[in-house]
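Chemist: Sharing a structure with you now.
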Amino acid sequence: MDLQEKIAKDLLKIKAVFLRPDEPFTWASGIKSPIYCDNRLTLTAPEIRTDVEEGLAELIKTNYPEVEVLMGTSTAGIAHAAITGHIMGLPAGYVRSSNKSHGRQNKIEGKLEPGQKVVVIEDLISTGGSCIDVVEALREAGAEVLGIASIFTYGMQKSKERLNEANVANHSLTNLDTIAKIAAEEGYIKPEDVDRLKKFRDNPDDESWINA
């Protein structure tokens, strides 16, 4: 079993990824979705947490061998950056969504020297906007951002375009296509639901998959 399938099985097992194509979830943006993702649940499942953090470490070693610092997104990426940093023997910090309102008013927490090679740790990527904001904050601070390592990506076209425009690479432990495949094999969804999930991925604004 490859890493993408292993992590997909893990996330489905603890319902960190929950599929409900016949009763769609509603995102904050109002978009109807057949999938709900909460990777924070991996933190309370020690065995699966180990799979995720060791998986992130391997992903980073393979794709970003020059990394010097890990920086998590706030708040979901903070714990994963810290644990993966511990496994790899690397310093870790995180980037706030906005500057702190008191003290030194930091946006970047943790020591970061100009020129250091950084990998951003993200729990999931949907449209890509929030992690690109983090990348830009790190670049403004003088860091060389090698790319992003994330647990899960929806693989939406909008995120691919945004990441490409920002000139930033992303490598994920697993993705919607793998989740859909494993979910159908293990009976979480019907085989015909796989195409519905992919249709949602291709265009979240098109709700024709709901009654497909």
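Each chain in the structure tokens gets a letter, A, B, ..., in the order shown, and its residues are numbered from 1; ligands are numbered from 1 in order too.
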Neighbours of Glu23 (chain A) within 9 Å (only C-alpha atoms; same-chain residues fewer than 4 positions away dropped), as a VMD selection string?
Modeler: chain A and resid 33 to 34 210
Chemist: Near Ile7 (chain A), counting only C-alpha atoms, which residues have an atom at most 12 Å away, once you skip same-chain residues fewer than 4 positions from it, shown as a PyMOL selection string?
Modeler: chain A and resi 1-3+11-14+16-17+39+42+47-56+150-152+172-176+178-179+182
Chemist: What would the file look like if the residues just selected were written as a compact mmCIF listing (two decimals), in the first residue's frame with N, CA, C and O atoms?
Modeler:
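again13.txt, written as the output of this step:
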```txt
# COMPACT_ATOMS: atom_id res chain seq x y z
N MET A 1 0.85 -1.20 0.00
CA MET A 1 0.00 0.00 0.00
C MET A 1 0.88 1.25 0.00
O MET A 1 1.82 1.35 0.80
N ASP A 2 0.59 2.21 -0.89
CA ASP A 2 1.40 3.42 -0.90
C ASP A 2 0.93 4.39 0.18
O ASP A 2 -0.10 4.19 0.83
N LEU A 3 1.73 5.44 0.39
CA LEU A 3 1.48 6.38 1.48
C LEU A 3 0.13 7.09 1.31
O LEU A 3 -0.60 7.29 2.29
N LEU A 11 -7.55 8.57 7.64
CA LEU A 11 -8.45 9.71 7.78
C LEU A 11 -9.92 9.28 7.74
O LEU A 11 -10.76 9.81 8.49
N LEU A 12 -10.23 8.31 6.90
CA LEU A 12 -11.60 7.78 6.84
C LEU A 12 -11.95 7.04 8.13
O LEU A 12 -13.07 7.16 8.64
N LYS A 13 -11.01 6.30 8.66
CA LYS A 13 -11.24 5.49 9.86
C LYS A 13 -11.68 6.34 11.04
O LYS A 13 -12.59 5.97 11.79
N ILE A 14 -11.05 7.49 11.23
CA ILE A 14 -11.37 8.33 12.40
C ILE A 14 -12.33 9.47 12.03
O ILE A 14 -12.59 10.35 12.84
N ALA A 16 -11.85 11.91 10.14
CA ALA A 16 -11.22 13.21 9.89
C ALA A 16 -11.65 13.68 8.51
O ALA A 16 -11.75 14.88 8.26
N VAL A 17 -11.88 12.73 7.62
CA VAL A 17 -12.54 13.00 6.35
C VAL A 17 -13.85 12.23 6.36
O VAL A 17 -13.86 11.02 6.54
N ASN A 39 -8.79 17.57 9.99
CA ASN A 39 -7.57 16.83 10.31
C ASN A 39 -7.08 17.05 11.73
O ASN A 39 -6.12 16.40 12.16
N THR A 42 -6.73 13.97 13.87
CA THR A 42 -5.54 13.11 13.86
C THR A 42 -4.72 13.30 15.14
O THR A 42 -4.02 12.38 15.56
N GLU A 47 -1.99 6.59 17.09
CA GLU A 47 -1.42 5.73 16.06
C GLU A 47 -1.47 6.40 14.69
O GLU A 47 -0.50 6.38 13.92
N ILE A 48 -2.60 7.02 14.40
CA ILE A 48 -2.76 7.71 13.12
C ILE A 48 -1.96 9.00 13.09
O ILE A 48 -1.38 9.36 12.06
N ARG A 49 -1.87 9.66 14.22
CA ARG A 49 -1.02 10.85 14.33
C ARG A 49 0.42 10.50 13.95
O ARG A 49 1.10 11.24 13.23
N THR A 50 0.88 9.35 14.41
CA THR A 50 2.24 8.91 14.08
C THR A 50 2.39 8.70 12.58
O THR A 50 3.38 9.11 11.97
N ASP A 51 1.39 8.07 11.96
CA ASP A 51 1.42 7.87 10.50
C ASP A 51 1.53 9.20 9.78
O ASP A 51 2.31 9.36 8.83
N VAL A 52 0.73 10.18 10.23
CA VAL A 52 0.70 11.49 9.58
C VAL A 52 2.03 12.22 9.74
O VAL A 52 2.61 12.70 8.76
N GLU A 53 2.54 12.29 10.96
CA GLU A 53 3.76 13.07 11.19
C GLU A 53 4.97 12.40 10.55
O GLU A 53 5.82 13.08 9.96
N GLU A 54 5.06 11.08 10.63
CA GLU A 54 6.16 10.39 9.95
C GLU A 54 6.01 10.50 8.44
O GLU A 54 7.01 10.59 7.72
N GLY A 55 4.76 10.51 7.98
CA GLY A 55 4.51 10.70 6.55
C GLY A 55 4.95 12.08 6.09
O GLY A 55 5.56 12.23 5.02
N LEU A 56 4.63 13.11 6.88
CA LEU A 56 5.05 14.46 6.53
C LEU A 56 6.57 14.56 6.52
O LEU A 56 7.16 15.19 5.62
N SER A 150 1.39 19.29 2.95
CA SER A 150 0.05 19.26 3.55
C SER A 150 -0.43 17.83 3.73
O SER A 150 0.06 16.91 3.08
N ILE A 151 -1.39 17.68 4.62
CA ILE A 151 -1.96 16.35 4.87
C ILE A 151 -2.91 15.96 3.75
O ILE A 151 -2.86 14.84 3.24
N PHE A 152 -3.76 16.89 3.34
CA PHE A 152 -4.82 16.58 2.37
C PHE A 152 -5.05 17.75 1.44
O PHE A 152 -5.02 18.91 1.85
N SER A 172 1.15 16.77 -1.00
CA SER A 172 0.19 16.34 0.02
C SER A 172 0.31 14.85 0.30
O SER A 172 0.64 14.07 -0.61
N LEU A 173 0.00 14.46 1.53
CA LEU A 173 0.02 13.05 1.89
C LEU A 173 -1.06 12.28 1.15
O LEU A 173 -0.86 11.13 0.75
N THR A 174 -2.23 12.91 0.98
CA THR A 174 -3.30 12.25 0.23
C THR A 174 -4.19 13.31 -0.39
O THR A 174 -3.98 14.51 -0.21
N ASN A 175 -5.18 12.87 -1.17
CA ASN A 175 -6.00 13.80 -1.93
C ASN A 175 -7.41 13.24 -2.13
O ASN A 175 -7.68 12.09 -1.77
N LEU A 176 -8.28 14.08 -2.69
CA LEU A 176 -9.69 13.68 -2.83
C LEU A 176 -9.84 12.43 -3.70
O LEU A 176 -10.65 11.56 -3.38
N THR A 178 -7.84 9.89 -4.14
CA THR A 178 -7.45 8.69 -3.39
C THR A 178 -8.48 8.38 -2.31
O THR A 178 -8.85 7.21 -2.11
N ILE A 179 -8.94 9.41 -1.61
CA ILE A 179 -9.98 9.23 -0.59
C ILE A 179 -11.22 8.60 -1.21
O ILE A 179 -11.80 7.65 -0.66
N ILE A 182 -10.61 4.80 -2.09
CA ILE A 182 -10.58 3.94 -0.89
C ILE A 182 -11.96 3.87 -0.25
O ILE A 182 -12.40 2.82 0.21
```
Chemist: Any chance you could list, as a PyMOL selection string, the residues in chain A that come up helix (DSSP H, G or I) when DSSP is run on the backbone?
Modeler: chain A and resi 3-13+39-44+46-63+78-88+129-140+157-165+176-185+193-202+207-211
Chemist: Quick one: DSSP strand (DSSP E or B) residues in region 11-163 of chain A, as an MDAnalysis selection string?
Modeler: chainID A and resid 17:19 25:26 32:33 35:37 69:73 92:95 108:109 117:125 144:153
